[in-house]
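Student: File follows, input_30.cif with mmCIF, C-alpha atoms and all ligand atoms:
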```
data_protein
#
loop_
_atom_site.label_atom_id
_atom_site.label_comp_id
_atom_site.auth_asym_id
_atom_site.auth_seq_id
_atom_site.Cartn_x
_atom_site.Cartn_y
_atom_site.Cartn_z
CA MET A 1 46.57 -140.95 31.31
CA SER A 2 46.40 -137.18 31.45
CA THR A 3 49.07 -135.53 33.56
CA HIS A 4 46.85 -132.70 34.68
CA VAL A 5 48.36 -132.57 38.20
CA THR A 6 51.45 -131.04 36.49
CA THR A 7 54.68 -130.31 38.36
CA PRO A 8 55.55 -130.61 42.07
CA ALA A 9 54.80 -126.92 42.46
CA GLY A 10 51.43 -127.64 40.84
CA ILE A 11 50.61 -129.77 43.83
CA ALA A 12 50.34 -126.47 45.67
CA GLN A 13 46.63 -126.92 44.98
CA SER A 14 46.70 -129.15 48.01
CA HIS A 15 47.81 -126.17 50.10
CA LEU A 16 44.55 -124.42 49.31
CA PRO A 17 41.92 -124.67 52.02
CA GLN A 18 40.29 -128.04 51.56
CA VAL A 19 36.93 -127.84 49.86
CA THR A 20 34.54 -129.63 52.13
CA GLU A 21 31.42 -131.28 50.83
CA PRO A 22 28.07 -131.17 52.56
CA ARG A 23 27.77 -134.48 54.44
CA ASN A 24 25.77 -137.27 52.91
CA PRO A 25 22.41 -137.13 54.75
CA GLY A 26 21.39 -140.48 53.29
CA MET A 27 17.96 -141.30 51.91
CA PRO A 28 15.26 -143.92 52.43
CA LEU A 29 16.26 -147.43 51.38
CA ASP A 30 15.27 -147.76 47.72
CA MET A 31 15.01 -151.50 47.12
CA ASP A 32 14.08 -151.10 43.43
CA TRP A 33 17.36 -149.30 42.88
CA VAL A 34 19.33 -151.86 44.92
CA ARG A 35 17.78 -154.83 43.06
CA SER A 36 18.42 -153.20 39.70
CA VAL A 37 22.21 -153.10 40.26
CA GLN A 38 24.09 -155.54 38.05
CA VAL A 39 27.83 -155.88 37.39
CA ASN A 40 29.46 -157.18 34.20
CA THR A 41 32.46 -158.83 35.85
CA SER A 42 34.51 -159.46 32.71
CA ALA A 43 34.04 -155.86 31.50
CA VAL A 44 35.09 -154.58 34.93
CA GLU A 45 38.18 -156.77 34.93
CA ARG A 46 39.12 -155.65 31.40
CA ARG A 47 38.82 -151.99 32.33
CA ALA A 48 40.81 -152.49 35.56
CA SER A 49 43.67 -154.22 33.78
CA SER A 50 43.75 -151.61 31.02
CA ILE A 51 44.23 -148.73 33.48
CA ALA A 52 47.15 -150.50 35.15
CA ALA A 53 48.77 -151.20 31.77
CA ARG A 54 48.24 -147.69 30.39
CA ARG A 55 49.52 -145.73 33.35
CA SER A 56 52.75 -143.95 32.66
CA VAL A 57 53.67 -140.70 34.32
CA LYS A 58 57.25 -139.63 34.61
CA LYS A 59 59.53 -137.13 36.27
CA ASP A 60 57.89 -133.95 37.59
CA HIS A 61 54.42 -135.26 36.80
CA GLN A 62 55.10 -138.39 38.79
CA ALA A 63 56.43 -136.39 41.74
CA ALA A 64 53.31 -134.22 41.65
CA TRP A 65 51.03 -137.26 41.70
CA LEU A 66 52.99 -138.78 44.56
CA LEU A 67 52.77 -135.63 46.64
CA ARG A 68 49.04 -135.60 46.02
CA ALA A 69 48.88 -139.22 47.12
CA ILE A 70 50.61 -138.37 50.41
CA THR A 71 47.98 -135.77 51.26
CA CYS A 72 45.35 -138.50 50.82
CA ILE A 73 46.91 -141.17 53.05
CA ASP A 74 45.23 -142.35 56.23
CA LEU A 75 48.54 -143.25 57.83
CA THR A 76 47.67 -146.42 59.69
CA THR A 77 48.84 -148.69 62.43
CA LEU A 78 46.43 -151.47 63.42
CA SER A 79 48.49 -154.11 65.17
CA GLY A 80 47.96 -156.04 68.35
CA ASP A 81 51.37 -154.86 69.54
CA ASP A 82 50.73 -151.14 68.95
CA THR A 83 52.15 -148.93 71.70
CA ALA A 84 51.92 -145.23 72.51
CA ARG A 85 55.54 -144.88 71.37
CA ARG A 86 54.78 -146.42 67.96
CA VAL A 87 51.78 -144.13 67.55
CA GLU A 88 53.89 -141.10 68.46
CA ARG A 89 56.40 -142.02 65.75
CA LEU A 90 53.56 -142.50 63.27
CA CYS A 91 52.17 -139.08 64.15
CA ALA A 92 55.59 -137.44 63.75
CA LYS A 93 55.63 -138.92 60.24
CA ALA A 94 52.06 -137.72 59.64
CA ARG A 95 53.10 -134.16 60.52
CA GLN A 96 56.17 -134.26 58.30
CA PRO A 97 55.72 -137.07 55.78
CA VAL A 98 58.68 -136.06 53.61
CA SER A 99 62.00 -134.67 54.85
CA PRO A 100 62.27 -130.87 54.64
CA ASP A 101 65.36 -131.20 52.40
CA LEU A 102 63.44 -133.22 49.85
CA MET A 103 60.47 -130.87 49.98
CA LYS A 104 62.78 -127.91 49.43
CA ALA A 105 64.41 -129.62 46.46
CA LEU A 106 60.92 -130.22 45.04
CA GLY A 107 60.08 -126.53 45.49
CA MET A 108 57.38 -127.36 48.00
CA GLY A 109 56.26 -126.10 51.38
CA PRO A 110 55.07 -128.43 54.10
CA ILE A 111 52.29 -130.95 53.56
CA THR A 112 50.69 -133.52 55.86
CA VAL A 113 48.92 -136.83 55.39
CA GLY A 114 45.11 -136.97 55.33
CA ALA A 115 44.63 -138.57 58.75
CA VAL A 116 46.14 -140.98 61.26
CA CYS A 117 44.20 -144.23 61.66
CA VAL A 118 44.41 -146.26 64.89
CA TYR A 119 42.49 -148.49 67.29
CA HIS A 120 40.43 -146.86 70.06
CA GLU A 121 43.09 -147.37 72.74
CA MET A 122 45.61 -145.39 70.68
CA ILE A 123 43.41 -142.29 70.20
CA ALA A 124 44.78 -140.56 73.32
CA PRO A 125 48.47 -140.82 72.39
CA ALA A 126 47.64 -139.85 68.81
CA LYS A 127 45.70 -136.83 70.02
CA ALA A 128 48.61 -135.70 72.19
CA ALA A 129 51.11 -136.22 69.38
CA LEU A 130 49.00 -134.30 66.84
CA THR A 131 48.32 -131.28 69.05
CA GLY A 132 48.61 -128.05 67.08
CA THR A 133 47.89 -129.71 63.73
CA ASN A 134 44.69 -130.12 61.73
CA ILE A 135 45.38 -133.79 61.11
CA PRO A 136 42.24 -135.75 62.04
CA ILE A 137 42.32 -139.00 63.98
CA ALA A 138 40.40 -141.88 62.42
CA ALA A 139 39.49 -144.75 64.75
CA VAL A 140 38.52 -148.20 63.53
CA SER A 141 35.42 -149.32 65.37
CA THR A 142 32.42 -151.65 65.77
CA GLY A 143 34.40 -154.76 66.66
CA PHE A 144 36.99 -154.22 63.91
CA PRO A 145 37.92 -156.27 61.94
CA ALA A 146 35.15 -158.94 62.11
CA GLY A 147 32.33 -156.71 63.36
CA LEU A 148 30.78 -159.53 65.32
CA SER A 149 30.62 -158.07 68.82
CA PRO A 150 27.18 -157.31 70.31
CA PHE A 151 25.38 -154.49 68.51
CA GLU A 152 25.03 -152.34 71.67
CA LEU A 153 28.78 -152.61 72.29
CA ARG A 154 29.53 -151.59 68.72
CA ILE A 155 27.40 -148.47 69.15
CA LYS A 156 29.06 -147.74 72.49
CA GLU A 157 32.49 -148.18 70.94
CA ILE A 158 31.72 -145.49 68.34
CA GLU A 159 30.46 -143.10 71.02
CA MET A 160 33.56 -143.65 73.17
CA SER A 161 35.95 -143.08 70.26
CA VAL A 162 34.17 -139.85 69.30
CA ALA A 163 34.28 -138.68 72.94
CA GLU A 164 38.01 -139.50 73.05
CA GLY A 165 38.75 -137.27 70.06
CA ALA A 166 38.30 -139.27 66.85
CA ALA A 167 36.96 -137.05 64.05
CA GLU A 168 36.50 -140.00 61.72
CA ILE A 169 35.14 -143.45 62.51
CA ASP A 170 35.88 -146.43 60.27
CA ILE A 171 33.08 -148.92 60.97
CA VAL A 172 32.88 -152.49 59.67
CA ILE A 173 29.60 -153.73 58.29
CA SER A 174 28.06 -157.13 59.13
CA ARG A 175 29.03 -159.21 56.11
CA ARG A 176 26.25 -161.68 56.88
CA HIS A 177 23.61 -159.06 56.01
CA VAL A 178 25.09 -158.83 52.52
CA LEU A 179 25.62 -162.57 52.11
CA SER A 180 22.00 -163.26 53.09
CA GLY A 181 20.67 -160.37 50.99
CA ASP A 182 19.16 -158.68 54.06
CA TRP A 183 19.57 -155.14 52.73
CA GLN A 184 17.13 -153.69 55.27
CA ALA A 185 19.30 -155.02 58.13
CA LEU A 186 22.44 -153.56 56.51
CA TYR A 187 20.69 -150.22 56.03
CA ASP A 188 19.42 -150.12 59.64
CA GLU A 189 22.84 -151.05 61.02
CA MET A 190 24.64 -148.41 58.94
CA ARG A 191 22.05 -145.79 59.85
CA ALA A 192 22.54 -146.53 63.57
CA PHE A 193 26.34 -146.29 63.19
CA ARG A 194 25.99 -142.97 61.37
CA THR A 195 23.74 -141.60 64.14
CA ALA A 196 26.18 -142.75 66.85
CA CYS A 197 29.01 -140.90 65.03
CA GLY A 198 27.28 -137.53 65.42
CA ASP A 199 29.54 -134.92 63.83
CA ALA A 200 32.36 -137.40 63.22
CA HIS A 201 32.55 -138.59 59.63
CA VAL A 202 31.82 -142.26 59.09
CA LYS A 203 33.63 -144.57 56.67
CA ALA A 204 31.84 -147.84 55.94
CA ILE A 205 34.28 -150.73 55.55
CA LEU A 206 32.63 -153.33 53.31
CA ALA A 207 35.35 -156.02 53.65
CA THR A 208 34.85 -156.67 49.95
CA GLY A 209 37.05 -159.79 49.98
CA GLU A 210 34.33 -161.47 52.06
CA LEU A 211 31.24 -160.37 50.12
CA GLY A 212 31.23 -163.15 47.55
CA SER A 213 30.63 -161.21 44.31
CA LEU A 214 31.13 -157.83 42.67
CA ARG A 215 27.36 -157.45 42.48
CA ASN A 216 27.20 -157.75 46.27
CA VAL A 217 29.97 -155.13 46.51
CA ALA A 218 27.95 -152.76 44.31
CA ARG A 219 24.71 -153.32 46.24
CA ALA A 220 26.40 -153.01 49.66
CA SER A 221 28.08 -149.77 48.51
CA LEU A 222 24.74 -148.34 47.48
CA VAL A 223 22.90 -149.37 50.67
CA CYS A 224 25.65 -147.89 52.88
CA MET A 225 25.46 -144.61 50.95
CA MET A 226 21.66 -144.58 51.23
CA ALA A 227 22.12 -145.02 55.00
CA GLY A 228 24.41 -141.96 55.19
CA ALA A 229 28.00 -143.20 54.88
CA ASP A 230 30.42 -140.29 54.28
CA PHE A 231 32.97 -142.66 52.71
CA ILE A 232 32.87 -146.23 51.51
CA LYS A 233 36.04 -148.22 52.15
CA THR A 234 37.10 -151.53 50.67
CA SER A 235 38.73 -153.49 53.44
CA THR A 236 40.05 -153.76 56.96
CA GLY A 237 43.47 -154.85 55.69
CA LYS A 238 42.88 -158.12 57.59
CA GLU A 239 40.89 -160.03 54.95
CA SER A 240 42.76 -162.46 52.70
CA VAL A 241 41.85 -160.25 49.70
CA ASN A 242 41.86 -156.50 50.33
CA ALA A 243 41.76 -153.51 47.94
CA THR A 244 41.79 -154.42 44.23
CA LEU A 245 41.24 -152.42 41.05
CA PRO A 246 38.07 -154.30 39.96
CA VAL A 247 36.49 -153.72 43.38
CA THR A 248 37.55 -150.08 43.18
CA LEU A 249 35.89 -149.70 39.80
CA VAL A 250 32.63 -151.16 41.08
CA MET A 251 32.62 -148.99 44.22
CA ILE A 252 33.51 -145.73 42.49
CA ARG A 253 30.86 -146.34 39.84
CA ALA A 254 28.36 -146.80 42.68
CA ILE A 255 29.59 -143.46 44.07
CA ARG A 256 29.09 -141.88 40.63
CA ASP A 257 25.55 -143.28 40.32
CA TYR A 258 24.72 -142.03 43.80
CA PHE A 259 26.02 -138.57 42.88
CA ASP A 260 24.07 -138.56 39.60
CA ARG A 261 20.82 -139.34 41.43
CA THR A 262 21.26 -137.32 44.64
CA GLY A 263 23.87 -134.62 43.92
CA ILE A 264 25.83 -135.86 46.96
CA ARG A 265 29.51 -136.74 46.71
CA VAL A 266 30.54 -139.71 48.85
CA GLY A 267 34.23 -140.38 49.45
CA TYR A 268 36.22 -143.49 48.60
CA LYS A 269 38.97 -145.27 50.56
CA PRO A 270 40.82 -148.27 49.17
CA ALA A 271 42.69 -150.00 52.01
CA GLY A 272 44.86 -153.01 52.59
CA GLY A 273 47.92 -154.07 50.64
CA ILE A 274 48.56 -150.76 48.85
CA SER A 275 52.26 -150.32 49.51
CA LYS A 276 53.85 -149.22 46.22
CA ALA A 277 54.04 -145.69 44.82
CA LYS A 278 53.20 -146.90 41.30
CA ASP A 279 50.01 -148.55 42.59
CA ALA A 280 49.01 -145.30 44.28
CA ILE A 281 49.31 -143.51 40.94
CA THR A 282 47.18 -146.16 39.25
CA TYR A 283 44.45 -145.67 41.86
CA LEU A 284 44.57 -141.88 41.46
CA ALA A 285 44.38 -142.24 37.67
CA LEU A 286 41.32 -144.47 37.94
CA ILE A 287 39.60 -142.01 40.29
CA LYS A 288 40.42 -139.11 37.96
CA GLU A 289 39.05 -140.90 34.91
CA GLU A 290 35.90 -142.30 36.53
CA LEU A 291 34.96 -139.57 39.03
CA GLY A 292 36.97 -136.49 38.00
CA ASP A 293 39.43 -134.17 39.70
CA ARG A 294 37.06 -133.17 42.49
CA TRP A 295 37.51 -136.60 44.06
CA LEU A 296 41.31 -136.26 44.15
CA ARG A 297 41.30 -134.35 47.42
CA PRO A 298 41.51 -135.72 50.95
CA ASP A 299 37.91 -134.80 51.82
CA LEU A 300 36.77 -137.32 49.17
CA PHE A 301 39.64 -139.75 48.74
CA ARG A 302 41.99 -141.59 51.10
CA PHE A 303 44.39 -144.48 50.90
CA GLY A 304 44.26 -146.71 53.98
CA ALA A 305 47.89 -147.74 54.19
CA SER A 306 50.59 -148.55 56.71
CA SER A 307 53.65 -148.73 54.45
CA LEU A 308 52.79 -146.79 51.25
CA LEU A 309 54.34 -143.56 52.50
CA GLY A 310 57.78 -145.17 52.85
CA ASP A 311 57.83 -146.22 49.19
CA ILE A 312 56.56 -142.84 48.01
CA GLU A 313 59.29 -141.06 49.93
CA ARG A 314 61.84 -143.41 48.38
CA GLN A 315 60.57 -142.59 44.87
CA LEU A 316 60.64 -138.85 45.60
CA GLU A 317 64.22 -139.15 46.82
CA HIS A 318 65.10 -140.94 43.60
CA HIS A 319 63.39 -138.16 41.63
CA VAL A 320 65.53 -135.54 43.37
CA THR A 321 68.88 -137.33 43.76
CA GLY A 322 68.82 -139.91 40.96
CA SER A 323 69.47 -142.80 43.34
CA TYR A 324 67.43 -145.01 45.64
CA SER A 325 68.03 -145.25 49.35
CA ALA A 326 67.43 -148.41 51.37
CA SER A 327 63.80 -148.88 52.33
CA TYR A 328 64.66 -149.13 56.05
CA ARG A 329 65.56 -145.42 55.90
CA HIS A 330 61.88 -144.70 55.28
CA ALA A 331 60.38 -146.89 57.97
CA ILE A 332 57.17 -145.40 59.28
CA SER A 333 56.83 -146.54 62.86
O1 LIG A 401 42.87 -149.43 56.76
C1 LIG A 401 44.04 -149.64 56.58
C2 LIG A 401 44.66 -150.96 56.42
O2 LIG A 401 44.49 -151.73 57.57
C3 LIG A 401 46.11 -150.84 56.12
O3 LIG A 401 46.53 -151.99 55.46
P1 LIG A 401 48.07 -152.22 55.08
O4 LIG A 401 48.79 -152.45 56.39
O5 LIG A 401 48.05 -153.44 54.21
O6 LIG A 401 48.59 -151.02 54.39
#
```
Before we go any further, please render this structure as structure tokens.
Tutor:
Amino acid sequence: MSTHVTTPAGIAQSHLPQVTEPRNPGMPLDMDWVRSVQVNTSAVERRASSIAARRSVKKDHQAAWLLRAITCIDLTTLSGDDTARRVERLCAKARQPVSPDLMKALGMGPITVGAVCVYHEMIAPAKAALTGTNIPIAAVSTGFPAGLSPFELRIKEIEMSVAEGAAEIDIVISRRHVLSGDWQALYDEMRAFRTACGDAHVKAILATGELGSLRNVARASLVCMMAGADFIKTSTGKESVNATLPVTLVMIRAIRDYFDRTGIRVGYKPAGGISKAKDAITYLALIKEELGDRWLRPDLFRFGASSLLGDIERQLEHHVTGSYSASYRHAIS
């Protein structure tokens, strides 16, 4: 893969003011387009395995890619035993994801993660802990993770999270609309969620591990974008299969098709089970090759991850010192 991100200092691009896209206004549901979507599963799987095998970036280039990855993390805690204290620790890590000593050794100034991602009840402590920063709070919503609470409550939940201070809302779609091919119902639901979000950006979680086929993933991606999703996201992290490279390929190609037809860039968020630095680089390489450099910024790309940052920090420490520290030294929360 090309090592265009260059050296750690080259990552200084991420210190530039973030380019922000016009939001996706959506468009009428185009059923001809939706029905025309097909996926060649074996070709997708071949391409996905070739990118993982080909990836090889070393030394300064690797450090640069890893720093870029950090700026794109939605640093997440979504556990039933979350507490304000845990969220405060997570936010401290979000503000300073890599120790100042390491950053200095890499020739870098401060960076932050892309966002902090929590349940509704944890928005208030996150907001307090992130005061004085530009780090947005993302709240999972709409009966996360199953999305099966009453529709009116799901709308209300979005409105309450926005009122509480969430700038980004990660909604879950009704998988049954996809599984029954009711694309109009999926479109109407997504449209209503987008409206309830107001100025908050909306990420549509497809829960791809529960959609049955890659063709369904492609069609659901397209319908959610037509209904105004700002991002499409693979998974809640709670399905038995979460983010994968084949699913990523299908979703980012849907994003590319949508851009080619509408001129609108929709963001992408793989989530669930991405915990290794080398996997993060593979994802970034795939995005770069399929969508281009513009998508390698936090306004268009995020990792949804609870433990990825710890492994990245470990790899950066190895880059600087030549030895690995124990992973417990990089615990997140
Ligand atoms: O959206 C984020 C995911 O829930 C995080 O999943 P993870 O804990 O497997 O990194």
Student: Between A:Val266, A:Cys197, A:Ala146, A:Ala63, which residue has the minimum interatomic distance to A:Glu239, considering all atoms listed in the file?
Tutor: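 Looking at the shortest contact to A:Glu239, the residue is A:Ala146.
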Student: Find the nearest atom pair between each residue of chain A and ligand LIG 401 (chain A) for residues within 8 Å, count only C-alpha atoms and all ligand atoms, give distances in Å to one decimal, sort rows by chain and ascending number, and present the table as a Markdown table.
Tutor:
```
| residue | atom | partner | partner_atom | distance |
| --- | --- | --- | --- | --- |
| A:Asp74 | CA | A:LIG401 | C1 | 7.4 |
| A:Leu75 | CA | A:LIG401 | C1 | 7.9 |
| A:Thr76 | CA | A:LIG401 | C1 | 5.8 |
| A:Thr77 | CA | A:LIG401 | O4 | 7.1 |
| A:Leu78 | CA | A:LIG401 | O2 | 6.2 |
| A:Cys117 | CA | A:LIG401 | O1 | 7.3 |
| A:Ser235 | CA | A:LIG401 | O1 | 6.7 |
| A:Thr236 | CA | A:LIG401 | O2 | 4.9 |
| A:Gly237 | CA | A:LIG401 | O2 | 3.8 |
| A:Lys238 | CA | A:LIG401 | O2 | 6.6 |
| A:Asn242 | CA | A:LIG401 | O5 | 7.9 |
| A:Pro270 | CA | A:LIG401 | O1 | 7.9 |
| A:Ala271 | CA | A:LIG401 | C1 | 4.8 |
| A:Gly272 | CA | A:LIG401 | O3 | 3.5 |
| A:Gly273 | CA | A:LIG401 | O5 | 3.6 |
| A:Ile274 | CA | A:LIG401 | O6 | 5.5 |
| A:Ser275 | CA | A:LIG401 | O6 | 6.1 |
| A:Phe303 | CA | A:LIG401 | C1 | 7.7 |
| A:Gly304 | CA | A:LIG401 | C1 | 3.9 |
| A:Ala305 | CA | A:LIG401 | O6 | 3.4 |
| A:Ser306 | CA | A:LIG401 | O6 | 3.9 |
| A:Ser307 | CA | A:LIG401 | O6 | 5.6 |
| A:Leu308 | CA | A:LIG401 | O6 | 6.7 |
```
Student: Which residues, protein or nucleic acid, reach to within 10 Å of (46.3, -132.4, 55.4) in the file's coordinates when using only C-alpha atoms, and can you give that as a list in words?
Tutor: Ser14, His15, Pro17, Gln18, Ile70, Thr71, Cys72, Ile73, Ala94, Arg95, Pro110, Ile111, Thr112, Val113, Gly114, Ala115, Thr133, Asn134, Ile135, Pro136, Arg297, Pro298 and Asp299 of chain A
Student: Residues of stretch 150-250 of chain A that approach stretch 22-26 of chain A to 8 Å or less, counting all atoms listed in the file: could you list each one with the shortest pair of atoms and its distance in Å to one decimal, rows by chain and increasing residue number, as CSV?
Tutor:
```
residue,atom,partner,partner_atom,distance
A:Met225,CA,A:Gly26,CA,6.3
A:Met226,CA,A:Gly26,CA,4.6
A:Ala227,CA,A:Gly26,CA,4.9
A:Gly228,CA,A:Gly26,CA,3.9
A:Ala229,CA,A:Asn24,CA,6.6
A:Asp230,CA,A:Asn24,CA,5.7
```
Student: Here is a test: counting all atoms listed in the file, which residue of A:Leu284, A:Leu291, A:Ile171, A:Leu245 is nearest to A:Arg68?
Tutor: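 Counting all atoms listed in the file, the residue closest to A:Arg68 is A:Leu284.
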Student: Go through A:Val172, A:Val223, A:Tyr119, A:Ile281 one by one, measure the shortest atom-to-atom distance of each to A:Ala254 using only C-alpha atoms, and give the residue with the smallest value.
Tutor: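 Closest residue, counting only C-alpha atoms: A:Val223.
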Student: Kindly indicate which residue among A:Ala124, A:Ala138, A:Ala192, A:Val178 lies nearest to A:Arg154, using only C-alpha atoms for the distances.
Tutor: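 That would be A:Ala192, the residue with the smallest distance to A:Arg154.
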Student: With distances taken over only C-alpha atoms, which residue among A:Leu214, A:Leu153, A:Ala126, A:Met27 lies nearest A:Gly263?
Tutor: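 For A:Gly263, the nearest of the candidates is A:Met27.
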Student: From the set A:His201, A:Lys269, A:Arg86, A:Arg219, which residue has the shortest atom-to-atom contact distance to A:Tyr187, counting all atoms listed in the file?
Tutor: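 Of A:His201, A:Lys269, A:Arg86, A:Arg219, the one nearest A:Tyr187, counting all atoms listed in the file, is A:Arg219.
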Student: Just to confirm, what's the straight-line distance from atom CA of A:Val247 to atom CA of A:Ala48 in Å (one decimal)?
Tutor: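 Between these atoms lies a distance of 9.0 Å.
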Student: If I take atom CA of A:Lys156 and atom CA of A:Ala128, how far is one from the other in Å, to one decimal?
Tutor: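 Distance reported for this atom pair: 23.0 Å.
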Student: Report, in Å to a single decimal, how far apart atom CA of A:Lys203 and atom CA of A:Lys233 are.
Tutor: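 Separation between atom CA of A:Lys233 and atom CA of A:Lys203: 6.3 Å.
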Student: Using all atoms listed in the file, determine which residues lie at most 6 Å from A:Thr234, disregarding the query and same-chain residues fewer than 4 positions distant; provide the list as a list of chain:residue names.
Tutor: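 Listing them by chain and then by number gives A:Ile205, A:Leu206, A:Ala207, A:Thr208, A:Ala243, A:Pro270, A:Ala271.
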Student: Tell me which protein, DNA and RNA residues are within 12 Å of A:Val98, counting all atoms listed in the file, leaving out same-chain ones fewer than 2 positions away, and put them as a ChimeraX atom specification.
Tutor: /A:66-67,70-71,92-96,100-106,108-113,309-317,329-332
